file structure26.tsv (TSV, C-alpha atoms)
chain	number	residue	atom	x	y	z
C	1	ASN	CA	27.55	67.41	-12.74
C	2	THR	CA	24.42	65.37	-13.33
C	3	ALA	CA	25.71	62.69	-10.96
C	4	ARG	CA	24.69	65.08	-8.15
C	5	THR	CA	21.30	65.90	-9.63
C	6	GLN	CA	19.84	62.39	-10.12
C	7	ASN	CA	21.00	62.53	-13.75
C	8	HIS	CA	18.76	65.52	-14.43
C	9	SER	CA	19.91	68.31	-16.70
C	10	ALA	CA	20.06	71.91	-15.49
C	11	LYS	CA	16.89	72.65	-17.44
C	12	VAL	CA	15.01	69.82	-15.74
C	13	CYS	CA	16.29	70.79	-12.29
C	14	VAL	CA	15.33	74.44	-12.63
C	15	GLU	CA	11.91	73.69	-14.11
C	16	GLN	CA	11.22	71.19	-11.33
C	17	LEU	CA	12.20	73.76	-8.71
C	18	ALA	CA	9.93	76.33	-10.36
C	19	ARG	CA	7.03	73.86	-10.06
C	20	GLU	CA	7.83	73.21	-6.41
C	21	LEU	CA	7.86	76.95	-5.73
C	22	GLU	CA	4.53	77.39	-7.46
C	23	GLU	CA	3.06	74.75	-5.14
C	24	LEU	CA	4.44	76.85	-2.26
C	25	LEU	CA	2.49	79.85	-3.68
C	26	VAL	CA	5.55	81.48	-5.24
C	27	PRO	CA	4.72	81.44	-8.96
C	28	ILE	CA	7.86	82.83	-10.57
C	29	SER	CA	9.30	82.25	-14.03
C	30	VAL	CA	12.18	79.91	-14.84
C	31	GLU	CA	14.23	83.01	-15.68
C	32	ASP	CA	13.58	84.40	-12.19
C	33	VAL	CA	14.56	81.07	-10.62
C	34	VAL	CA	17.86	81.13	-12.55
C	35	SER	CA	18.47	84.74	-11.48
C	36	ALA	CA	17.84	83.87	-7.83
C	37	ILE	CA	20.14	80.83	-8.04
C	38	SER	CA	22.79	83.06	-9.59
C	39	PHE	CA	22.54	85.34	-6.54
C	40	VAL	CA	22.93	82.35	-4.19
C	41	TRP	CA	26.02	81.25	-6.11
C	42	SER	CA	27.50	84.75	-6.14
C	43	VAL	CA	27.23	84.99	-2.36
C	44	SER	CA	28.70	81.59	-1.50
C	45	PHE	CA	31.12	80.97	-4.38
C	46	ASN	CA	32.00	84.31	-6.00
C	47	SER	CA	32.71	86.62	-3.05
C	48	GLY	CA	29.44	88.46	-3.64
C	49	LYS	CA	30.28	89.50	-7.22
C	50	LEU	CA	27.08	89.25	-9.21
C	51	LEU	CA	26.72	87.96	-12.75
C	52	ASN	CA	24.80	90.28	-15.05
C	53	ASN	CA	22.31	89.22	-17.72
C	54	ASP	CA	25.02	89.13	-20.38
C	55	ASP	CA	27.16	86.85	-18.18
C	56	LEU	CA	24.27	84.42	-17.90
C	57	MET	CA	24.37	84.05	-21.69
C	58	ARG	CA	28.11	83.31	-21.86
C	59	GLY	CA	29.38	79.79	-21.33
C	60	ALA	CA	32.71	80.89	-19.87
C	61	ALA	CA	30.95	82.90	-17.18
C	62	ILE	CA	28.21	80.45	-16.36
C	63	ARG	CA	30.30	77.26	-16.37
C	64	PRO	CA	31.75	77.79	-12.87
C	65	MET	CA	28.28	78.54	-11.54
C	66	ALA	CA	26.86	75.40	-13.15
C	67	ALA	CA	29.60	73.29	-11.56
C	68	ASN	CA	29.16	74.73	-8.04
C	69	VAL	CA	25.38	74.71	-8.17
C	70	SER	CA	25.12	71.15	-9.43
C	71	GLU	CA	27.56	69.95	-6.76
C	72	ASN	CA	25.31	71.53	-4.15
C	73	TRP	CA	21.94	71.18	-5.85
C	74	PRO	CA	20.16	69.46	-2.92
C	75	LEU	CA	21.15	72.37	-0.68
C	76	VAL	CA	20.08	74.99	-3.25
C	77	GLU	CA	16.72	73.27	-3.55
C	78	GLU	CA	16.38	72.95	0.23
C	79	ALA	CA	17.20	76.61	0.82
C	80	ALA	CA	14.65	77.79	-1.76
C	81	THR	CA	11.82	75.50	-0.64
C	82	LYS	CA	12.43	76.04	3.10
C	83	VAL	CA	12.32	79.82	2.74
C	84	CYS	CA	9.28	79.81	0.44
C	85	GLY	CA	7.51	77.22	2.59
C	86	HIS	CA	8.09	79.39	5.64
C	87	ALA	CA	6.68	82.42	3.84
C	88	ARG	CA	3.61	80.41	2.85
C	89	ASP	CA	3.07	79.23	6.43
C	90	ARG	CA	3.21	82.84	7.61
C	91	GLY	CA	0.53	83.80	5.08
C	92	LEU	CA	2.95	85.81	2.93
C	93	ARG	CA	2.08	85.60	-0.76
C	94	PHE	CA	4.26	86.62	-3.67
C	95	ARG	CA	2.63	89.50	-5.56
C	96	GLU	CA	0.28	90.15	-2.63
C	97	GLN	CA	2.21	91.08	0.52
C	98	TYR	CA	5.56	91.33	-1.27
C	99	GLN	CA	6.64	91.74	-4.89
C	100	SER	CA	10.39	91.19	-5.21
C	101	VAL	CA	12.17	88.04	-6.34
C	102	ASN	CA	15.38	89.74	-5.20
C	103	ALA	CA	14.10	89.86	-1.62
C	104	LEU	CA	13.45	86.12	-1.81
C	105	ALA	CA	16.83	85.41	-3.43
C	106	TYR	CA	18.58	87.15	-0.56
C	107	LEU	CA	16.85	84.86	1.96
C	108	TRP	CA	17.70	81.80	-0.16
C	109	ALA	CA	21.38	82.81	-0.12
C	110	TRP	CA	21.25	83.49	3.62
C	111	TYR	CA	19.72	80.07	4.28
C	112	PHE	CA	22.06	78.34	1.83
C	113	ALA	CA	25.08	79.71	3.71
C	114	ALA	CA	23.79	77.97	6.84
C	115	LEU	CA	23.18	74.71	4.98
C	116	ARG	CA	26.70	74.73	3.53
C	117	TRP	CA	28.16	75.09	7.00
C	118	ARG	CA	25.89	72.28	8.24
C	119	GLN	CA	26.98	69.99	5.42
C	120	GLY	CA	30.67	70.60	6.16
C	121	ARG	CA	30.23	69.67	9.81
C	122	GLY	CA	28.44	66.34	9.38
C	123	LEU	CA	25.95	67.07	12.15
C	124	ASN	CA	23.85	64.30	13.65
C	125	GLU	CA	20.08	64.37	13.24
C	126	LEU	CA	19.38	66.02	16.59
C	127	ASP	CA	21.83	68.83	15.89
C	128	LYS	CA	20.41	69.25	12.37
C	129	ASP	CA	16.91	69.49	13.82
C	130	SER	CA	18.08	72.06	16.37
C	131	MET	CA	19.72	74.13	13.65
C	132	ASP	CA	16.64	73.97	11.41
C	133	LYS	CA	14.45	75.16	14.27
C	134	SER	CA	16.86	77.97	15.11
C	135	LEU	CA	16.86	79.15	11.50
C	136	ALA	CA	13.06	79.00	11.46
C	137	GLY	CA	13.02	81.09	14.62
C	138	ILE	CA	15.13	83.79	12.98
C	139	LEU	CA	12.81	83.81	9.97
C	140	ASP	CA	9.82	84.12	12.31
C	141	LEU	CA	11.38	87.27	13.73
C	142	GLY	CA	12.67	88.81	10.51
C	143	MET	CA	11.01	87.43	7.39
C	144	ASP	CA	7.90	89.61	7.42
C	145	ARG	CA	9.92	92.77	7.97
C	146	TRP	CA	12.51	91.84	5.35
C	147	LEU	CA	10.06	91.02	2.56
C	148	VAL	CA	7.77	93.99	3.25
C	149	CYS	CA	10.14	96.68	4.54
C	150	SER	CA	12.77	96.21	1.83
C	151	GLN	CA	9.92	96.86	-0.61
C	152	TRP	CA	8.65	99.93	1.25
C	153	ALA	CA	12.24	101.18	1.43
C	154	GLY	CA	12.42	101.02	-2.37
C	155	VAL	CA	15.68	99.08	-2.43
C	156	TRP	CA	14.54	96.92	-5.34
C	157	ALA	CA	12.78	99.64	-7.31
C	158	SER	CA	15.65	102.01	-8.04
C	159	ALA	CA	19.32	101.21	-8.69
C	160	SER	CA	18.37	97.58	-8.10
C	161	ALA	CA	21.65	96.15	-9.37
C	162	GLN	CA	23.62	98.41	-7.07
C	163	SER	CA	21.43	97.56	-4.06
C	164	LEU	CA	21.57	93.85	-4.81
C	165	GLY	CA	25.33	94.00	-5.22
C	166	GLY	CA	25.73	95.59	-1.80
C	167	TYR	CA	23.56	92.95	-0.17
C	168	ALA	CA	25.49	90.19	-1.95
C	169	THR	CA	28.88	91.55	-0.88
C	170	ARG	CA	27.90	91.90	2.78
C	171	LEU	CA	26.20	88.51	2.91
C	172	ALA	CA	29.24	86.91	1.23
C	173	SER	CA	31.45	88.26	4.02
C	174	CYS	CA	29.09	86.79	6.59
C	175	ALA	CA	29.02	83.43	4.78
C	176	GLN	CA	32.82	83.31	4.58
C	177	ALA	CA	33.12	84.05	8.29
C	178	LEU	CA	30.90	81.05	9.09
C	179	ALA	CA	33.64	78.69	7.94
C	180	ASN	CA	35.59	79.47	11.12
C	181	LYS	CA	32.66	79.01	13.49
C	182	PRO	CA	33.00	75.88	15.63
C	183	ASP	CA	29.39	75.14	16.52
C	184	VAL	CA	25.76	75.72	15.66
C	185	SER	CA	25.16	78.45	18.25
C	186	ASP	CA	27.93	80.63	16.78
C	187	VAL	CA	26.58	80.21	13.26
C	188	ILE	CA	23.03	81.02	14.32
C	189	ALA	CA	24.20	84.10	16.24
C	190	ASP	CA	26.11	85.41	13.20
C	191	LEU	CA	23.25	84.83	10.78
C	192	LYS	CA	20.74	86.44	13.14
C	193	GLN	CA	22.96	89.46	13.71
C	194	HIS	CA	23.53	89.89	9.98
C	195	LEU	CA	19.83	89.87	9.10
C	196	GLU	CA	19.02	92.21	11.99
C	197	SER	CA	21.74	94.60	10.82
C	198	GLU	CA	20.34	94.74	7.28
C	199	LEU	CA	16.84	95.33	8.64
C	200	LYS	CA	18.10	98.11	10.89
C	201	ASP	CA	19.81	99.85	7.98
C	202	LEU	CA	16.62	100.07	5.91
C	203	GLU	CA	14.27	101.09	8.74
C	204	GLN	CA	14.14	104.83	8.05
C	205	ALA	CA	13.81	104.39	4.30
C	206	ALA	CA	10.94	101.95	4.92
C	207	VAL	CA	9.22	104.41	7.26
C	208	ASN	CA	9.56	107.11	4.60
C	209	GLY	CA	8.26	104.75	1.93
C	210	LEU	CA	5.29	103.82	4.09
C	211	ALA	CA	4.45	107.49	4.59
C	212	ALA	CA	4.52	108.00	0.81
C	213	ILE	CA	1.97	105.26	0.05
C	214	ASN	CA	-1.11	107.12	-1.12
C	215	ALA	CA	-3.97	106.69	-3.56
C	216	ASP	CA	-5.61	109.61	-5.36
C	217	ASP	CA	-8.07	107.48	-7.29
C	218	ARG	CA	-10.58	104.89	-6.08
C	219	HIS	CA	-9.02	102.30	-8.39
C	220	GLN	CA	-5.58	102.77	-6.80
C	221	VAL	CA	-6.48	101.84	-3.21
C	222	ARG	CA	-5.12	98.33	-3.77
C	223	THR	CA	-1.77	99.94	-2.96
C	224	TYR	CA	-2.82	99.84	0.71
C	225	TYR	CA	-3.27	96.06	0.72
C	226	THR	CA	-0.04	95.06	2.47
C	227	ALA	CA	-0.25	97.89	4.99
C	228	LEU	CA	-3.80	96.97	6.02
C	229	TRP	CA	-3.09	93.24	5.97
C	230	LEU	CA	-0.25	93.74	8.43
C	231	TRP	CA	-2.04	96.34	10.54
C	232	ASN	CA	-4.97	93.99	11.16
C	233	ARG	CA	-2.49	91.52	12.63
C	234	LEU	CA	-0.57	93.77	15.03
C	235	GLU	CA	-3.03	93.81	17.92
C	236	GLN	CA	-5.01	90.93	19.42
C	237	ASN	CA	-8.44	92.51	19.77
C	238	ARG	CA	-8.20	94.10	16.33
C	239	TRP	CA	-7.31	90.78	14.71
C	240	LYS	CA	-10.11	88.90	16.48
C	241	LYS	CA	-12.70	91.42	15.37
C	242	ALA	CA	-11.42	91.79	11.80
C	243	ARG	CA	-11.23	88.07	11.13
C	244	LEU	CA	-14.62	87.31	12.68
C	245	ALA	CA	-16.67	89.85	10.82
C	246	LEU	CA	-14.83	89.78	7.51
C	247	ARG	CA	-13.98	86.07	7.36
C	248	GLU	CA	-10.22	86.59	7.36
C	249	GLU	CA	-9.65	83.33	9.18
C	250	SER	CA	-8.03	81.40	6.32
C	251	ARG	CA	-4.40	82.18	5.49
C	252	ARG	CA	-4.49	79.67	2.64
C	253	GLN	CA	-7.65	80.99	0.99
C	254	ASN	CA	-7.01	84.70	1.16
C	255	HIS	CA	-9.50	86.46	-1.17
C	256	LEU	CA	-9.38	89.94	0.29
C	257	ASP	CA	-9.39	93.31	-1.38
C	258	VAL	CA	-9.15	96.93	-0.27
C	259	ASP	CA	-12.45	98.73	0.00
C	260	HIS	CA	-13.70	102.09	1.26
C	261	ILE	CA	-15.35	102.65	4.64
C	262	VAL	CA	-17.21	105.79	3.59
C	263	ALA	CA	-18.27	104.81	0.08
C	264	CYS	CA	-17.05	106.90	-2.84
C	265	ASP	CA	-20.60	107.59	-4.08
C	266	LEU	CA	-21.71	108.62	-0.60
C	267	TRP	CA	-18.72	110.97	-0.32
C	268	GLN	CA	-19.46	112.48	-3.73
C	269	SER	CA	-23.09	113.04	-2.80
C	270	LYS	CA	-21.94	114.89	0.33
C	271	LEU	CA	-19.65	117.10	-1.76
C	272	ASP	CA	-22.47	117.80	-4.22
C	273	MET	CA	-24.72	118.89	-1.36
C	274	LEU	CA	-21.92	121.06	0.01
C	275	LYS	CA	-21.68	122.82	-3.35
C	276	THR	CA	-25.32	123.85	-3.14
C	277	LYS	CA	-24.51	125.90	-0.07
C	278	PRO	CA	-20.73	126.30	0.25
C	279	PRO	CA	-19.30	127.53	3.55
C	280	THR	CA	-18.65	131.28	3.58
C	281	GLY	CA	-15.52	132.14	1.64
C	282	VAL	CA	-15.10	128.64	0.13
C	283	PRO	CA	-15.31	128.58	-3.69
C	284	VAL	CA	-16.89	125.56	-5.39
C	285	GLU	CA	-13.58	124.53	-6.98
C	286	LYS	CA	-12.12	124.12	-3.50
C	287	ILE	CA	-14.85	121.60	-2.73
C	288	ASP	CA	-13.86	119.61	-5.86
C	289	GLU	CA	-10.37	119.31	-4.40
C	290	LEU	CA	-11.84	117.20	-1.60
C	291	VAL	CA	-12.80	114.36	-3.97
C	292	PRO	CA	-9.55	112.29	-3.58
C	293	ILE	CA	-9.65	112.44	0.23
C	294	VAL	CA	-12.13	109.55	0.26
C	295	ASN	CA	-9.25	107.34	-0.94
C	296	GLU	CA	-7.02	107.99	2.09
C	297	LEU	CA	-5.58	104.98	3.93
C	298	GLY	CA	-7.67	105.94	6.97
C	299	ASN	CA	-10.87	105.43	4.97
C	300	CYS	CA	-9.97	101.95	3.76
C	301	MET	CA	-10.09	98.41	5.09
C	302	LEU	CA	-9.77	94.84	3.85
C	303	LEU	CA	-12.93	93.09	2.79
C	304	GLU	CA	-13.76	89.89	0.96
C	305	LYS	CA	-13.87	90.43	-2.79
C	306	ASN	CA	-17.46	89.18	-2.89
C	307	PHE	CA	-18.47	92.13	-0.70
C	308	ASN	CA	-18.24	95.63	-2.10
C	309	ILE	CA	-18.92	98.82	-0.23
C	310	SER	CA	-17.41	101.37	-2.60
C	311	LYS	CA	-20.06	100.81	-5.29
C	312	SER	CA	-22.80	101.53	-2.78
C	313	ASN	CA	-23.95	104.90	-1.51
C	314	LYS	CA	-24.93	103.53	1.91
C	315	PRO	CA	-23.01	103.91	5.19
C	316	LEU	CA	-20.82	101.02	6.33
C	317	LYS	CA	-23.19	100.44	9.27
C	318	ASN	CA	-25.91	99.33	6.85
C	319	PHE	CA	-23.55	96.75	5.36
C	320	LEU	CA	-22.31	95.47	8.72
C	321	GLU	CA	-25.80	94.94	10.09
C	322	ASN	CA	-26.30	92.29	7.43
C	323	VAL	CA	-23.09	90.40	8.29
C	324	HIS	CA	-23.85	87.10	10.03
C	325	GLU	CA	-22.05	87.79	13.32
C	326	PHE	CA	-23.74	91.16	13.80
C	327	LYS	CA	-27.17	89.79	12.96
C	328	LEU	CA	-26.77	87.09	15.61
C	329	GLY	CA	-25.55	89.58	18.19
C	330	GLU	CA	-22.16	87.89	18.55
C	331	LEU	CA	-20.53	91.24	17.90
C	332	THR	CA	-21.74	94.83	18.05
C	333	VAL	CA	-20.88	97.36	15.39
C	334	ASN	CA	-19.40	99.65	18.05
C	335	GLU	CA	-17.09	96.90	19.37
C	336	TRP	CA	-15.92	96.10	15.87
C	337	ALA	CA	-15.39	99.75	14.96
C	338	THR	CA	-13.40	100.49	18.11
C	339	ALA	CA	-11.08	97.54	17.47
C	340	LEU	CA	-10.38	98.83	13.94
C	341	ALA	CA	-9.72	102.41	15.10
C	342	LEU	CA	-13.00	103.62	13.65
C	343	SER	CA	-15.45	106.05	15.25
C	344	MET	CA	-19.18	105.62	14.75
C	345	PRO	CA	-19.54	108.89	12.76
C	346	GLN	CA	-17.30	107.26	10.13
C	347	VAL	CA	-19.11	103.92	10.26
C	348	ASP	CA	-22.58	105.49	10.29
C	349	SER	CA	-21.65	108.36	8.02
C	350	ALA	CA	-24.92	109.30	6.34
C	351	ASN	CA	-25.26	112.50	8.37
C	352	THR	CA	-21.62	113.11	9.28
C	353	PRO	CA	-20.35	116.44	7.89
C	354	VAL	CA	-17.55	116.41	5.31
C	355	ALA	CA	-15.19	118.38	7.56
C	356	GLU	CA	-15.60	115.86	10.41
C	357	LEU	CA	-15.05	112.89	8.08
C	358	ARG	CA	-11.94	114.52	6.66
C	359	THR	CA	-10.50	114.77	10.17
C	360	LEU	CA	-11.49	111.18	10.97
C	361	PHE	CA	-9.81	109.89	7.79
C	362	ASN	CA	-6.62	111.72	8.65
C	363	ASP	CA	-6.58	110.65	12.30
C	364	ARG	CA	-7.05	107.00	11.41
C	365	THR	CA	-4.39	107.22	8.70
C	366	GLN	CA	-1.93	108.51	11.28
C	367	ALA	CA	-2.91	105.80	13.76
C	368	ILE	CA	-2.38	103.04	11.17
C	369	ARG	CA	0.96	104.45	10.05
C	370	SER	CA	2.10	104.84	13.65
C	371	ASP	CA	1.44	101.14	14.34
C	372	LEU	CA	3.13	100.14	11.09
C	373	GLU	CA	6.17	102.26	11.87
C	374	GLN	CA	6.53	100.24	15.06
C	375	PHE	CA	6.34	97.09	12.92
C	376	VAL	CA	9.08	98.46	10.66
C	377	ARG	CA	11.28	99.17	13.68
C	378	GLY	CA	10.61	95.74	15.18
C	379	THR	CA	8.76	96.96	18.27
C	380	LYS	CA	5.38	95.55	17.14
C	381	THR	CA	4.99	92.03	15.79
C	382	ARG	CA	2.18	89.98	14.35
C	383	VAL	CA	-0.19	88.29	16.80
C	384	ASP	CA	-2.31	86.35	14.33
C	385	LEU	CA	-0.07	83.29	14.11
C	386	GLU	CA	-0.21	82.76	17.88
C	387	LEU	CA	-3.98	83.18	17.95
C	388	ASN	CA	-4.80	80.85	15.03
call {"tool": "encode", "arguments": {"input": "structure26.tsv", "output": "C-alpha cells"}}
result
Amino acid sequence: NTARTQNHSAKVCVEQLARELEELLVPISVEDVVSAISFVWSVSFNSGKLLNNDDLMRGAAIRPMAANVSENWPLVEEAATKVCGHARDRGLRFREQYQSVNALAYLWAWYFAALRWRQGRGLNELDKDSMDKSLAGILDLGMDRWLVCSQWAGVWASASAQSLGGYATRLASCAQALANKPDVSDVIADLKQHLESELKDLEQAAVNGLAAINADDRHQVRTYYTALWLWNRLEQNRWKKARLALREESRRQNHLDVDHIVACDLWQSKLDMLKTKPPTGVPVEKIDELVPIVNELGNCMLLEKNFNISKSNKPLKNFLENVHEFKLGELTVNEWATALALSMPQVDSANTPVAELRTLFNDRTQAIRSDLEQFVRGTKTRVDLELN
C-alpha cells in the first residue's frame, strides 16, 4: 500500500532504511533488512511463525507481509532506527561488539510491539514521550547484555532457525497480551519482564561461551575484543585509567585492536633461553607447548591500532613510558597497571621468569572472566556512559 509509504515502492523503502541504518553504524545488506522486517512481521502479525527463505520468494506467502508492513511502515522504520540509534549511542557497533542481525531483529520486533500498542491508544505527546523514555530505560538495562550474551551463548550460531523461531513465538505471545493492557505502565512492565526473562534463560550458556573464548595463535586474539571492551567499562577506576592512557575516550571514533601485554617475540625469546637450560625433568618439547600461552586473555588488552606491542620484543613498561600522560607524570605505570588488574612483573617483564608469567596470565584471565560473568548475570553494569 504505497499510500502509506509516501508513494514509495517496497524496494525504495527497504533501500532507504538500509541507508539510514548505515548512518547509524549498522551496515547490513538489503537482504538482511528484509529478513529482519520479516521477523518483525512474524511476531506481530503471524503469531510468531517465521517465513523461510523459500517463502520470501513466493508471492502468495509474501503478499500478506507486504500488506501489513506497508500499512505500518512508519512504525517499522521507527522501531529499527530507534533500536540501532540506541546501540550507536551506547558505543555498540555491528561487527565489533556484536555480530548478529537476528539479535537486532529481535529488538526491532520487541520495540515494534510497543509502538503498535501506542498507535492503537492515540496517546498525547507527553504520554508518548514518557513511553519512549521508559523503553529507552529498558534498553539501557538490557541491550548490551542481549546483543553480547546471546552471541556468547551461541544461540545464533547453531540451529539458528530453531532458536529464532522460539524467540519469535514467545515474543508474539507477549505482543498479543499487550492488546489487553490499559495503560503505558502495564505495557512497559510486560516488555521489561519479557526481555529480562529471555536474558535470564541464556545466562548459563553465555557464561559457558565466555569461558570457551580462547586464542591459540597471535593472529586470533581479536576474538577477545568484545570481552576486553566490556571489561574496561565495568569499573570506574579501570575505565578512567584505560581511556586516559590509551585514548579510548571517543565512542564514535573507536579504532582499537587487541594487543599483547607481554609481547610474543619477548615470550619466544624467554622460551628459547629456557631451552638452553631446561628445568630438571622438563624435556624441550614441553617448553614448546608453552608458546600459545602468550595469547591468553589475561595477557591481552585493547590498544589503538596505530600502537603495536606484539611486534616488539620490549616490555610493556618501555612502551608506556613514552605515552603522553606517563611522560608528563599525570599517571604512573603502577597506578595504571593496578587499575587494569596487572602486576608490575607482567608490565615490566624483561626479567620475569616464564613460570611466574604463566601464573600471572592465568590469574588475570580468571579475574576478567569473573567480572564478565557478573556482567552476564546482570550484577555488574557499564560505568563509562555515566562518566563520559
call {"tool": "closest_residue", "arguments": {"input": "structure26.tsv", "among": "C:Lys49, C:Arg88, C:His260, C:Lys181", "to": "Lys314 (chain C)", "atoms": "all atoms listed in the file"}}
result
C:His260
call {"tool": "closest_atom_pairs", "arguments": {"input": "structure26.tsv", "of": "region 1-37 of chain C", "to": "region 90-113 of chain C", "cutoff": "9 Å", "atoms": "all atoms listed in the file", "output": "tab-separated table"}}
result
residue	atom	partner	partner_atom	distance
C:Leu25	CA	C:Arg93	CA	6.5
C:Val26	CA	C:Phe94	CA	5.5
C:Pro27	CA	C:Phe94	CA	7.4
C:Ile28	CA	C:Val101	CA	8.0
C:Asp32	CA	C:Val101	CA	7.0
C:Val33	CA	C:Val101	CA	8.5
C:Ser35	CA	C:Ala105	CA	8.2
C:Ala36	CA	C:Ala105	CA	4.8
C:Ile37	CA	C:Ala105	CA	7.3
call {"tool": "residues_around", "arguments": {"input": "structure26.tsv", "residues": "Asn208 (chain C)", "least_positions_apart": "6", "cutoff": "10 Å", "atoms": "only C-alpha atoms", "output": "number ranges by chain"}}
result
C: 152-154, 373
call {"tool": "closest_residue", "arguments": {"input": "structure26.tsv", "among": "C:His8, C:Lys241, C:His86, C:Arg218", "to": "Ile261 (chain C)", "atoms": "all atoms listed in the file"}}
result
C:Arg218
call {"tool": "residues_around", "arguments": {"input": "structure26.tsv", "residues": "Asp257 (chain C)", "least_positions_apart": "4", "cutoff": "9 Å", "atoms": "all atoms listed in the file", "output": "VMD selection string"}}
result
chain C and resid 222 225 301 to 305
call {"tool": "closest_residue", "arguments": {"input": "structure26.tsv", "among": "C:Arg4, C:Arg19, C:Lys275, C:Lys380", "to": "Glu235 (chain C)", "atoms": "all atoms listed in the file"}}
result
C:Lys380
call {"tool": "closest_residue", "arguments": {"input": "structure26.tsv", "among": "C:Val262, C:Leu51, C:Val333, C:Ala80", "to": "Glu20 (chain C)", "atoms": "all atoms listed in the file"}}
result
C:Ala80
call {"tool": "residues_around", "arguments": {"input": "structure26.tsv", "residues": "Pro353 (chain C)", "least_positions_apart": "4", "cutoff": "12 Å", "atoms": "all atoms listed in the file", "output": "PyMOL selection string"}}
result
chain C and resi 262+266-267+269-271+273-274+279+345-346+348-349+357-360
call {"tool": "write_last_selection", "arguments": {"input": "structure26.tsv", "atoms": "C-alpha atoms", "output": "short mmCIF file (atom, residue, chain, number, x, y, z; two decimals), in the frame of the given file"}}
result
data_model
loop_
_atom_site.label_atom_id
_atom_site.label_comp_id
_atom_site.auth_asym_id
_atom_site.auth_seq_id
_atom_site.Cartn_x
_atom_site.Cartn_y
_atom_site.Cartn_z
CA VAL C 262 -17.21 105.79 3.59
CA LEU C 266 -21.71 108.62 -0.60
CA TRP C 267 -18.72 110.97 -0.32
CA SER C 269 -23.09 113.04 -2.80
CA LYS C 270 -21.94 114.89 0.33
CA LEU C 271 -19.65 117.10 -1.76
CA MET C 273 -24.72 118.89 -1.36
CA LEU C 274 -21.92 121.06 0.01
CA PRO C 279 -19.30 127.53 3.55
CA PRO C 345 -19.54 108.89 12.76
CA GLN C 346 -17.30 107.26 10.13
CA ASP C 348 -22.58 105.49 10.29
CA SER C 349 -21.65 108.36 8.02
CA LEU C 357 -15.05 112.89 8.08
CA ARG C 358 -11.94 114.52 6.66
CA THR C 359 -10.50 114.77 10.17
CA LEU C 360 -11.49 111.18 10.97
#
call {"tool": "residues_around", "arguments": {"input": "structure26.tsv", "residues": "region 317-322 of chain C", "least_positions_apart": "3", "cutoff": "12 Å", "atoms": "all atoms listed in the file", "output": "short mmCIF file (atom, residue, chain, number, x, y, z; two decimals) with C-alpha atoms, in the frame of the given file"}}
result
data_model
loop_
_atom_site.label_atom_id
_atom_site.label_comp_id
_atom_site.auth_asym_id
_atom_site.auth_seq_id
_atom_site.Cartn_x
_atom_site.Cartn_y
_atom_site.Cartn_z
CA ALA C 242 -11.42 91.79 11.80
CA LEU C 244 -14.62 87.31 12.68
CA ALA C 245 -16.67 89.85 10.82
CA LEU C 246 -14.83 89.78 7.51
CA HIS C 260 -13.70 102.09 1.26
CA ILE C 261 -15.35 102.65 4.64
CA VAL C 262 -17.21 105.79 3.59
CA ALA C 263 -18.27 104.81 0.08
CA LEU C 303 -12.93 93.09 2.79
CA PHE C 307 -18.47 92.13 -0.70
CA ASN C 308 -18.24 95.63 -2.10
CA ILE C 309 -18.92 98.82 -0.23
CA SER C 310 -17.41 101.37 -2.60
CA LYS C 311 -20.06 100.81 -5.29
CA SER C 312 -22.80 101.53 -2.78
CA ASN C 313 -23.95 104.90 -1.51
CA LYS C 314 -24.93 103.53 1.91
CA GLU C 325 -22.05 87.79 13.32
CA PHE C 326 -23.74 91.16 13.80
CA LYS C 327 -27.17 89.79 12.96
CA LEU C 328 -26.77 87.09 15.61
CA GLY C 329 -25.55 89.58 18.19
CA GLU C 330 -22.16 87.89 18.55
CA LEU C 331 -20.53 91.24 17.90
CA THR C 332 -21.74 94.83 18.05
CA VAL C 333 -20.88 97.36 15.39
CA ASN C 334 -19.40 99.65 18.05
CA GLU C 335 -17.09 96.90 19.37
CA TRP C 336 -15.92 96.10 15.87
CA ALA C 337 -15.39 99.75 14.96
CA LEU C 342 -13.00 103.62 13.65
CA SER C 343 -15.45 106.05 15.25
CA MET C 344 -19.18 105.62 14.75
CA PRO C 345 -19.54 108.89 12.76
CA GLN C 346 -17.30 107.26 10.13
CA VAL C 347 -19.11 103.92 10.26
CA ASP C 348 -22.58 105.49 10.29
CA SER C 349 -21.65 108.36 8.02
CA ALA C 350 -24.92 109.30 6.34
#
call {"tool": "residues_around", "arguments": {"input": "structure26.tsv", "residues": "Asp140 (chain C)", "least_positions_apart": "2", "cutoff": "10 Å", "atoms": "all atoms listed in the file", "output": "VMD selection string"}}
result
chain C and resid 86 to 87 90 134 to 138 142 to 145 381 to 382
call {"tool": "closest_residue", "arguments": {"input": "structure26.tsv", "among": "C:Cys264, C:Leu199, C:Leu24, C:Val69", "to": "Val294 (chain C)", "atoms": "all atoms listed in the file"}}
result
C:Cys264
call {"tool": "closest_residue", "arguments": {"input": "structure26.tsv", "among": "C:Asn124, C:Asn237, C:Asn295, C:Ser197", "to": "Val221 (chain C)", "atoms": "all atoms listed in the file"}}
result
C:Asn295
call {"tool": "atom_distance", "arguments": {"input": "structure26.tsv", "atom1": "CA of Ala172 (chain C)", "atom2": "CA of Gly48 (chain C)"}}
result
5.1 Å
call {"tool": "atom_distance", "arguments": {"input": "structure26.tsv", "atom1": "CA of Glu289 (chain C)", "atom2": "CA of Ser370 (chain C)"}}
result
26.3 Å
call {"tool": "atom_distance", "arguments": {"input": "structure26.tsv", "atom1": "CA of Ala10 (chain C)", "atom2": "CA of Gln162 (chain C)"}}
result
28.0 Å
call {"tool": "residues_near_point", "arguments": {"input": "structure26.tsv", "point": "(32.0, 70.7, 2.1)", "cutoff": "12 Å", "atoms": "all atoms listed in the file", "output": "count of residues only"}}
result
16
call {"tool": "decode", "arguments": {"input": "structure26.tsv", "residues": "region 273-284 of chain C", "atoms": "C-alpha atoms", "output": "JSON list (two decimals), in the first residue's frame"}}
result
[["chain", "number", "residue", "atom", "x", "y", "z"],
["C", 273, "MET", "CA", 66.54, -19.20, 26.75],
["C", 274, "LEU", "CA", 64.68, -21.75, 28.84],
["C", 275, "LYS", "CA", 65.54, -24.42, 26.27],
["C", 276, "THR", "CA", 69.24, -23.76, 26.73],
["C", 277, "LYS", "CA", 68.95, -24.87, 30.33],
["C", 278, "PRO", "CA", 65.61, -26.65, 30.86],
["C", 279, "PRO", "CA", 64.41, -27.24, 34.42],
["C", 280, "THR", "CA", 65.28, -30.70, 35.72],
["C", 281, "GLY", "CA", 62.98, -33.33, 34.26],
["C", 282, "VAL", "CA", 61.40, -30.98, 31.67],
["C", 283, "PRO", "CA", 62.01, -32.07, 28.05],
["C", 284, "VAL", "CA", 62.48, -29.38, 25.40]]
